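Asks: For reference, the structure I am asking about is given below.
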Amino acid sequence: MKLLPKLTELLGTENILTDSDSLKRYGCDWTKTHQPDPIAIAFPKTTEHVQALVKFANTQELALVPSGGRTGLSGGAVAANKEVVVAFDRMNKIIDFNATDRSATCQAGVITQQLQQLAKDNHLYYPVNFASSGSSQIGGNIATNAGGIKVVRYGLTRNWVLGLKVVTGNGEILDLNKGLVKNATGYDLRHLFIGSEGTLGFITEATMRLTKPPKNLTVMVLGISNIDALMKVFEAFQNTLDLTAFECFSDRTLHYVHTDKGIPLPFDTRTPYYALLEFENDSEQREKEAFKTFDNCIQKEWVLDGAMSQSESQAQSLWRLREDISETLSAYTPYKNDLSVKISVIPEYLEAVVQLITENYTEFEVLWYGHIGDGNIHLNILKPENMEADEFFKQCKSLNPRIFQLTQTMNGSVSAEHGVGLLKRDDISYSRSKEEIAIMKELKSIFDPNGIMNPGKLINA
Ligand code: MLT
Ligand code: ZN
C-alpha cells in the first residue's frame with residue numbers, strides 16, 4: 001500500500017507534511033547526537049485521528065514517534081529511522097475547566113504556559129515549571145514525567161495528573177481515572193503511561209489538577225562556601241520556611257550565564273557555589289524568620305553573601321541566573337548527565353563524582369548545577385572548540401560506566417528527570433534490576449505487540 005496517500009486519506013492533506021525542513025524540524029528534540037530522518041509528519045487533531053494512525057501503522061508495521069514541544073534531552077522524540085512523526089501541535093485546546101474540581105482538561109499539545117495562564121486567570125496555579133514552559137507540551141511533560149524547579153514543594157508532573165486519555169499501541173482508546181481524586185478499583189494504569197515516553201501508547205488528553213497560588217514568592221540567592229554547607233543551608237531554610245524551590249549552581253556555571261547572557265551577578269562576592277531558594281513570603285513574621293536563618297548561616301560561615309528580591313520583577317531576574325543556564329551552555333555542545341541520589345547522600349555523592357570527573361576529564365571543563373533540594377544534579381561537560389563533536393561525545397561516554405557505577409552504589413538514578421529515550425537506554429540497568437526490565441518488556445509487548453510505538457526508546461524490546 002502506498003503510505004502517503006493513505007496517511008492523507010486518514011488525516012487530510014493539510015495535516016501531513018513531507019517537506020525536508022519539516023522532516024528535520026519535527027524529527028528531533030534538543031539532542032544533537034542523531035540525524036533526523038522521518039518519512040512524514042502527521043498532525044492529528046483528535047483522539048480518533050491518533051487511533052486511525054495507530055491502527056494503520058499496525059497493518060504496515062510502521063514505526064510512529066510522538067512529538068510534543070521537542071524540548072527533551074534524551075532523544076525520546078528523535079525519528080532517525082524512517083518513522084512517521086505524530087506531532088501534537090494541532091491538538092492544542094483546553095477542552096474543559098472546572099473551578100470546583102480545580103482541574104483543566106487539555107489536549108496533549110497544550111503548551112505548559114497555556115495551562116499556567118489558564119490557572120492564573122482563574123486565581124489558581126499549575127506548579128510544574130521549567131525553563132522550557134513556553135514550548136513544552138502537556139502530553140510530552142506527562143510522557144516524560146517532567147520535573148523542573150518546583151519539585152521540592154509540588155512534586156513531579158505525575159502528582160498533577162487526574163485523568164488520561166491514551167491510544168495504546170493496539171489502537172484501543174483508554175480513558176484512565178476520569179479526573180477522579182479517589183478511585184480504588186485496582187491497578188492504576190494512568191501511572192503506567194506517565195513516564196512511558198510513548199512506548200506503550202500516545203497520550204491524547206489529560207485532566208490536570210490545579211491548586212491555590214502561592215503568596216508573594218520571594219527569591220534569595222546565597223553565596224555558599226562548600227558542598228557540606230550547601231546541604232546545611234538547605235536544612236536550615238527548610239526548617240524555617242515553606243520553600244517552593246531550592247536550586248544550586250557552581251561559580252563557573254554562573255560565569256557563563258553572566259558573561260554570555262549579560263545577566264548581572266547577584267552580589268560582588270564570588271563564592272564556589274550558589275543556592276537559589278524561593279519561599280512564600282506571606283507575613284512579616286515569615287520575612288523575619290528568613291533574615292534570622294540567613295544571619296545564622298552567615299555566622300556559621302556556610303553562607304558568605306546573599307541577595308533577596310524586593311519585587312516580582314527582581315525575583316524574576318534572580319531566577320534568570322538559574323533558568324538561563326541550559327540555553328547558555330547549549331552553545332558549547334555540552335555532554336549532559338542528569339543524576340540523582342537521596343537528598344541526604346548529595347554531599348558524599350557530589351564530592352565523589354566531582355573528583356572522578358576532574359581526575360579523568362582533565363582537558364574538559366565540567367560544570368554542574370541542579371535541583372539540589374530534590375537530590376538531582378546536572379553535570380555538563382563542555383566541548384573544547386577544537387574537538388570534533390563525535391570524538392568529544394566518545395570520550396565523555398567512556399567515563400560513564402564509572403559515574404554510573406558510583407551512582408548505582410549510592411542507590412541513585414542515571415536519569416533523574418530527562419528520561420531515557422535513546423541516549424540512556426543502554427544504561428538503565430544501573431538503576432533498574434533485570435527483573436524490573438523484564439517486566440517492562442512484557443508490559444511493552446501487551447500494549448504494543450508489534451513494537452510500533454516509539455521503538456528503540458527507553459528499552460531495547
Ligand atoms: C535544567 O534543570 O535546567 C534542565 O533540566 C535542563 C538542563 O539540565 O540543562
Ligand atoms: Zn533540570
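By convention in this document, the chains of the C-alpha cells carry letters A, B, ... by their order, each chain's residues are numbered from 1, and ligands are numbered from 1 in the order they are shown.
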Using only C-alpha atoms, which residues of region 194-217 of chain A come within 6 Å of region 162-169 of chain A, and what is the closest atom pair for each, with the distance in Å to one decimal? Give it as JSON lines, sorted by chain and residue number.
Replies:
```
{"residue": "A:Leu200", "atom": "CA", "partner": "A:Gly169", "partner_atom": "CA", "distance": 5.9}
{"residue": "A:Gly201", "atom": "CA", "partner": "A:Thr168", "partner_atom": "CA", "distance": 3.9}
{"residue": "A:Phe202", "atom": "CA", "partner": "A:Val167", "partner_atom": "CA", "distance": 5.3}
{"residue": "A:Ile203", "atom": "CA", "partner": "A:Val166", "partner_atom": "CA", "distance": 4.3}
{"residue": "A:Thr204", "atom": "CA", "partner": "A:Val166", "partner_atom": "CA", "distance": 5.5}
{"residue": "A:Glu205", "atom": "CA", "partner": "A:Lys165", "partner_atom": "CA", "distance": 4.9}
{"residue": "A:Ala206", "atom": "CA", "partner": "A:Leu164", "partner_atom": "CA", "distance": 4.5}
{"residue": "A:Thr207", "atom": "CA", "partner": "A:Gly163", "partner_atom": "CA", "distance": 4.8}
{"residue": "A:Met208", "atom": "CA", "partner": "A:Leu162", "partner_atom": "CA", "distance": 5.6}
```
Asks: Next, the residues of the selection above should be written as an mmCIF file, in the first residue's frame with N, CA and C atoms.
Replies:
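Full text of again06.cif as output:
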```cif
data_model
loop_
_atom_site.group_PDB
_atom_site.id
_atom_site.type_symbol
_atom_site.label_atom_id
_atom_site.label_comp_id
_atom_site.auth_asym_id
_atom_site.auth_seq_id
_atom_site.Cartn_x
_atom_site.Cartn_y
_atom_site.Cartn_z
ATOM 1 N N LEU A 200 4.295 2.797 25.105
ATOM 2 C CA LEU A 200 3.128 1.918 25.310
ATOM 3 C C LEU A 200 1.911 2.439 24.548
ATOM 4 N N GLY A 201 1.867 3.738 24.375
ATOM 5 C CA GLY A 201 0.730 4.362 23.707
ATOM 6 C C GLY A 201 0.969 5.859 23.679
ATOM 7 N N PHE A 202 0.064 6.582 23.002
ATOM 8 C CA PHE A 202 0.204 8.040 22.932
ATOM 9 C C PHE A 202 -0.888 8.708 23.769
ATOM 10 N N ILE A 203 -0.471 9.661 24.578
ATOM 11 C CA ILE A 203 -1.425 10.442 25.384
ATOM 12 C C ILE A 203 -2.092 11.456 24.459
ATOM 13 N N THR A 204 -3.420 11.514 24.492
ATOM 14 C CA THR A 204 -4.098 12.475 23.613
ATOM 15 C C THR A 204 -4.797 13.582 24.416
ATOM 16 N N GLU A 205 -5.197 13.258 25.643
ATOM 17 C CA GLU A 205 -5.832 14.260 26.512
ATOM 18 C C GLU A 205 -5.437 14.004 27.958
ATOM 19 N N ALA A 206 -5.427 15.068 28.749
ATOM 20 C CA ALA A 206 -5.084 14.883 30.162
ATOM 21 C C ALA A 206 -5.891 15.859 31.014
ATOM 22 N N THR A 207 -6.387 15.355 32.125
ATOM 23 C CA THR A 207 -7.046 16.243 33.091
ATOM 24 C C THR A 207 -6.041 16.539 34.194
ATOM 25 N N MET A 208 -5.708 17.823 34.314
ATOM 26 C CA MET A 208 -4.646 18.233 35.226
ATOM 27 C C MET A 208 -5.237 18.929 36.445
#
```
Asks: Using only C-alpha atoms and all ligand atoms, which residues have at least one atom no more than 8 Å from ligand 1? Output them as a tab-separated table (two decimals) with N, CA and C atoms, in the first residue's frame.
Replies:
```tsv
chain	number	residue	atom	x	y	z
A	73	LEU	N	15.84	16.03	26.32
A	73	LEU	CA	17.31	16.00	26.32
A	73	LEU	C	17.86	14.58	26.27
A	130	PHE	N	9.48	24.85	34.40
A	130	PHE	CA	10.89	24.71	33.98
A	130	PHE	C	11.16	25.73	32.89
A	131	ALA	N	12.43	25.86	32.52
A	131	ALA	CA	12.80	26.90	31.57
A	131	ALA	C	12.05	26.76	30.24
A	147	GLY	N	9.97	17.17	35.60
A	147	GLY	CA	10.18	17.65	36.97
A	147	GLY	C	10.31	19.16	37.01
A	148	GLY	N	11.55	19.65	36.97
A	148	GLY	CA	11.77	21.09	36.93
A	148	GLY	C	12.12	21.69	38.28
A	149	ILE	N	11.74	22.97	38.42
A	149	ILE	CA	12.31	23.77	39.51
A	149	ILE	C	11.45	23.85	40.78
A	322	ARG	N	19.56	31.04	37.18
A	322	ARG	CA	19.44	29.59	37.15
A	322	ARG	C	18.75	29.09	35.87
A	323	GLU	N	17.67	29.79	35.51
A	323	GLU	CA	16.87	29.29	34.39
A	323	GLU	C	17.57	29.43	33.04
A	324	ASP	N	18.49	30.38	32.91
A	324	ASP	CA	19.15	30.58	31.61
A	324	ASP	C	20.37	29.68	31.42
A	325	ILE	N	20.68	28.86	32.42
A	325	ILE	CA	21.92	28.06	32.32
A	325	ILE	C	21.88	27.13	31.11
A	326	SER	N	20.82	26.35	31.01
A	326	SER	CA	20.77	25.32	29.98
A	326	SER	C	20.94	25.91	28.58
A	327	GLU	N	20.18	26.97	28.32
A	327	GLU	CA	20.26	27.59	26.99
A	327	GLU	C	21.65	28.19	26.74
A	329	LEU	N	24.51	27.19	27.96
A	329	LEU	CA	25.52	26.14	27.75
A	329	LEU	C	25.31	25.40	26.43
A	336	LYS	N	25.68	15.93	28.54
A	336	LYS	CA	24.87	16.14	29.75
A	336	LYS	C	24.65	14.85	30.52
A	337	ASN	N	24.80	14.93	31.81
A	337	ASN	CA	24.38	13.85	32.68
A	337	ASN	C	23.37	14.41	33.67
A	338	ASP	N	22.33	13.62	33.93
A	338	ASP	CA	21.21	14.06	34.77
A	338	ASP	C	21.05	13.01	35.87
A	369	TYR	N	25.10	22.06	38.05
A	369	TYR	CA	24.00	22.84	38.61
A	369	TYR	C	22.86	21.86	38.84
A	370	GLY	N	21.80	22.32	39.43
A	370	GLY	CA	20.69	21.37	39.56
A	370	GLY	C	19.70	21.71	40.63
A	371	HIS	N	18.83	20.72	40.82
A	371	HIS	CA	17.70	20.86	41.73
A	371	HIS	C	18.10	20.17	43.04
A	378	HIS	N	22.74	18.19	37.58
A	378	HIS	CA	23.04	18.15	36.15
A	378	HIS	C	24.52	18.43	35.96
A	379	LEU	N	25.21	17.43	35.38
A	379	LEU	CA	26.64	17.59	35.10
A	379	LEU	C	26.78	17.90	33.62
A	380	ASN	N	27.41	18.98	33.30
A	380	ASN	CA	27.58	19.33	31.88
A	380	ASN	C	29.06	19.45	31.57
A	417	GLU	N	15.46	13.19	35.65
A	417	GLU	CA	14.24	13.85	35.13
A	417	GLU	C	14.26	14.03	33.62
A	418	HIS	N	15.36	13.73	32.95
A	418	HIS	CA	15.41	13.94	31.49
A	418	HIS	C	14.90	12.73	30.72
```
Asks: Enumerate, as an NGL selection string, the complete set of residues in region 61-126 of chain A that a backbone-based DSSP assignment places in alpha helix (DSSP H).
Replies: :A and (112-121)
Asks: Under the rule that only C-alpha atoms are counted, which of A:Arg90, A:His123, A:Arg25, A:Lys232 is the nearest residue to Pro44 (chain A)?
Replies: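 Result for the nearest residue to Pro44 (chain A): A:Arg90.
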Asks: Would you pick out the contacts of Ile346 (chain A) at 8 Å or less, using only C-alpha atoms, so that residues sharing its chain but fewer than 4 positions from it are not included, and give the list as JSON, numbers by chain?
Replies: {"A": [231, 341, 342, 350, 372, 375]}
Asks: Next, dump the selected residues to file, keeping only C-alpha atoms, as an mmCIF file, in the first residue's frame.
Replies:
```cif
data_model
loop_
_atom_site.group_PDB
_atom_site.id
_atom_site.type_symbol
_atom_site.label_atom_id
_atom_site.label_comp_id
_atom_site.auth_asym_id
_atom_site.auth_seq_id
_atom_site.Cartn_x
_atom_site.Cartn_y
_atom_site.Cartn_z
ATOM 1 C CA MET A 231 23.089 20.974 52.422
ATOM 2 C CA VAL A 341 20.547 10.349 44.783
ATOM 3 C CA LYS A 342 18.618 10.739 48.018
ATOM 4 C CA LEU A 350 28.807 15.111 44.644
ATOM 5 C CA ILE A 372 19.652 20.128 44.864
ATOM 6 C CA GLY A 375 18.588 15.318 45.018
#
```
Asks: Mind pulling up the distance from CA of Gly109 (chain A) to CA of Ala79 (chain A)?
Replies: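 Rounded to one decimal, the two atoms are 18.3 Å apart.
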Asks: Extract, using only C-alpha atoms, all DNA, RNA and protein residues at most 10 Å from Lys292 (chain A), discarding same-chain residues fewer than 5 positions from it, and format them as a list of chain:residue names.
Replies: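 After dropping sequence-adjacent residues, the list is A:Phe237, A:Thr240, A:Arg286, A:Glu287, A:Cys297, A:Ile298.
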Asks: Only N, CA and C atoms, please: the residues just picked out, written as a PDB file, in the first residue's frame.
Replies:
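Below is the file out.pdb, written as the result:
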```pdb
ATOM      1  N   PHE A 237      16.960  26.361  55.998  1.00  0.00           N
ATOM      2  CA  PHE A 237      15.839  27.093  55.405  1.00  0.00           C
ATOM      3  C   PHE A 237      14.582  26.227  55.307  1.00  0.00           C
ATOM      4  N   THR A 240      12.646  26.401  58.498  1.00  0.00           N
ATOM      5  CA  THR A 240      12.005  27.638  58.948  1.00  0.00           C
ATOM      6  C   THR A 240      11.027  28.213  57.921  1.00  0.00           C
ATOM      7  N   ARG A 286       7.264  35.798  58.717  1.00  0.00           N
ATOM      8  CA  ARG A 286       7.983  34.890  57.812  1.00  0.00           C
ATOM      9  C   ARG A 286       9.275  35.555  57.308  1.00  0.00           C
ATOM     10  N   GLU A 287       9.133  36.832  56.947  1.00  0.00           N
ATOM     11  CA  GLU A 287      10.303  37.541  56.431  1.00  0.00           C
ATOM     12  C   GLU A 287      11.390  37.630  57.510  1.00  0.00           C
ATOM     13  N   CYS A 297      23.178  31.399  59.124  1.00  0.00           N
ATOM     14  CA  CYS A 297      24.039  30.739  58.118  1.00  0.00           C
ATOM     15  C   CYS A 297      25.319  31.535  57.887  1.00  0.00           C
ATOM     16  N   ILE A 298      25.211  32.878  57.959  1.00  0.00           N
ATOM     17  CA  ILE A 298      26.400  33.729  57.810  1.00  0.00           C
ATOM     18  C   ILE A 298      27.337  33.493  59.004  1.00  0.00           C
TER      19      ILE A 298
END
```
Asks: Which value, in Å to one decimal, gives the distance between CA of Asp188 (chain A) and CA of Gln51 (chain A)?
Replies: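 We find that CA of Asp188 (chain A) and CA of Gln51 (chain A) lie 21.8 Å from each other.
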Asks: Using only C-alpha atoms, find the one residue out of A:Phe43, A:Phe234, A:Phe404, A:Tyr335 that sits nearest to Glu391 (chain A).
Replies: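 Closest candidate: A:Tyr335.
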Asks: Identify which of the residues A:Phe364, A:Phe393, A:Phe246, A:Tyr349 lies closest to ligand 2, counting only C-alpha atoms and all ligand atoms when measuring atom-to-atom distances.
Replies: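 Checking each of A:Phe364, A:Phe393, A:Phe246, A:Tyr349 against ligand 2, counting only C-alpha atoms and all ligand atoms, the winner is A:Phe246.
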Asks: For Gly75 (chain A), which of A:Lys424, A:Arg102, A:Arg252, A:Lys120 is the closest residue, counting only C-alpha atoms?
Replies: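 Using only C-alpha atoms, Gly75 (chain A) sits closest to A:Lys424.
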Asks: Tell me, which residues of region 306-419 of chain A carry DSSP strand (DSSP E or B), written as number ranges by chain?
Replies: A: 306-308, 335-340, 365-371, 376-382, 413, 415
Asks: Go through A:Leu4, A:Ala119, A:Ile95, A:Val257 and flag the residue nearest Arg320 (chain A), using only C-alpha atoms for the distances.
Replies: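 Nearest candidate to Arg320 (chain A) out of A:Leu4, A:Ala119, A:Ile95, A:Val257: A:Val257.
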Asks: Identify, on the basis of only C-alpha atoms, every residue whose closest approach to Asp96 (chain A) does not exceed 8 Å; exclude the query and any residue fewer than 2 positions from it along the same chain; express the result as number ranges by chain.
Replies: A: 94, 98, 104-106
Asks: Pull C-alpha atoms from the residues just selected and write them as an mmCIF file, in the first residue's frame.
Replies:
```
data_model
loop_
_atom_site.group_PDB
_atom_site.id
_atom_site.type_symbol
_atom_site.label_atom_id
_atom_site.label_comp_id
_atom_site.auth_asym_id
_atom_site.auth_seq_id
_atom_site.Cartn_x
_atom_site.Cartn_y
_atom_site.Cartn_z
ATOM 1 C CA ILE A 94 -8.021 23.333 26.713
ATOM 2 C CA ASN A 98 -13.813 23.222 36.408
ATOM 3 C CA ALA A 104 -8.435 21.535 33.466
ATOM 4 C CA THR A 105 -8.698 19.015 30.666
ATOM 5 C CA CYS A 106 -6.148 19.638 27.944
#
```
Asks: What's around Tyr430 (chain A) at 12 Å? Count only C-alpha atoms, leave out sequence neighbours fewer than 6 positions away in its own chain, and write the answer as number ranges by chain.
Replies: A: 339, 400-415, 424, 436-437
Asks: Find the spatial neighbours of Leu17 (chain A), counting only C-alpha atoms, within a cut-off of 9 Å - ignore same-chain residues fewer than 4 positions away - and output them as a list in words.
Replies: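 With the cut-off at 9 Å, the set is Thr13, Ser22, Leu23, Ala40, Ile41, Ala42 and Phe43 of chain A.
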Asks: How would the residues just chosen look if you wrote them out with all heavy atoms as a short mmCIF file (atom, residue, chain, number, x, y, z; two decimals), in the first residue's frame?
Replies:
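Wrote out-v4.cif, looks like this:
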```cif
data_model
loop_
_atom_site.label_atom_id
_atom_site.label_comp_id
_atom_site.auth_asym_id
_atom_site.auth_seq_id
_atom_site.Cartn_x
_atom_site.Cartn_y
_atom_site.Cartn_z
N THR A 13 -5.00 16.13 3.61
CA THR A 13 -3.71 16.59 3.05
C THR A 13 -3.05 17.65 3.91
O THR A 13 -1.83 17.65 4.10
CB THR A 13 -3.94 17.24 1.65
OG1 THR A 13 -5.02 16.59 1.04
CG2 THR A 13 -2.71 17.23 0.80
N SER A 22 10.48 20.47 7.39
CA SER A 22 9.61 19.91 8.45
C SER A 22 10.16 18.58 8.94
O SER A 22 10.11 18.29 10.14
CB SER A 22 8.18 19.71 7.93
OG SER A 22 7.67 20.92 7.50
N LEU A 23 10.67 17.76 8.02
CA LEU A 23 11.20 16.45 8.44
C LEU A 23 12.35 16.66 9.43
O LEU A 23 12.47 15.96 10.43
CB LEU A 23 11.67 15.64 7.24
CG LEU A 23 10.58 15.22 6.23
CD1 LEU A 23 11.18 14.42 5.09
CD2 LEU A 23 9.45 14.43 6.89
N ALA A 40 7.49 11.16 7.21
CA ALA A 40 6.38 12.13 7.14
C ALA A 40 6.06 12.61 8.55
O ALA A 40 6.38 11.94 9.53
CB ALA A 40 5.14 11.47 6.54
N ILE A 41 5.41 13.78 8.60
CA ILE A 41 4.96 14.31 9.89
C ILE A 41 3.43 14.38 9.82
O ILE A 41 2.87 15.01 8.92
CB ILE A 41 5.50 15.74 10.17
CG1 ILE A 41 6.98 15.88 9.76
CG2 ILE A 41 5.28 16.12 11.63
CD1 ILE A 41 7.95 14.99 10.47
N ALA A 42 2.78 13.73 10.77
CA ALA A 42 1.32 13.73 10.82
C ALA A 42 0.86 14.61 11.97
O ALA A 42 1.44 14.56 13.06
CB ALA A 42 0.82 12.30 11.03
N PHE A 43 -0.17 15.42 11.69
CA PHE A 43 -0.70 16.33 12.72
C PHE A 43 -2.15 15.96 13.04
O PHE A 43 -3.08 16.53 12.46
CB PHE A 43 -0.65 17.78 12.23
CG PHE A 43 0.73 18.31 12.06
CD1 PHE A 43 1.41 18.15 10.85
CD2 PHE A 43 1.38 18.98 13.09
CE1 PHE A 43 2.69 18.64 10.68
CE2 PHE A 43 2.67 19.48 12.93
CZ PHE A 43 3.33 19.30 11.72
#
```
Asks: Out of A:Pro347, A:Leu222, A:Asp251, A:Phe193, which residue has the shortest atom-to-atom distance to Asp305 (chain A) when counting only C-alpha atoms?
Replies: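 Under the stated criterion, the closest residue is A:Leu222.
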Asks: Between CA of Lys24 (chain A) and CA of Thr8 (chain A), what is the distance, to one decimal in Å?
Replies: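 Value for the CA of Lys24 (chain A)-CA of Thr8 (chain A) distance: 19.9 Å.
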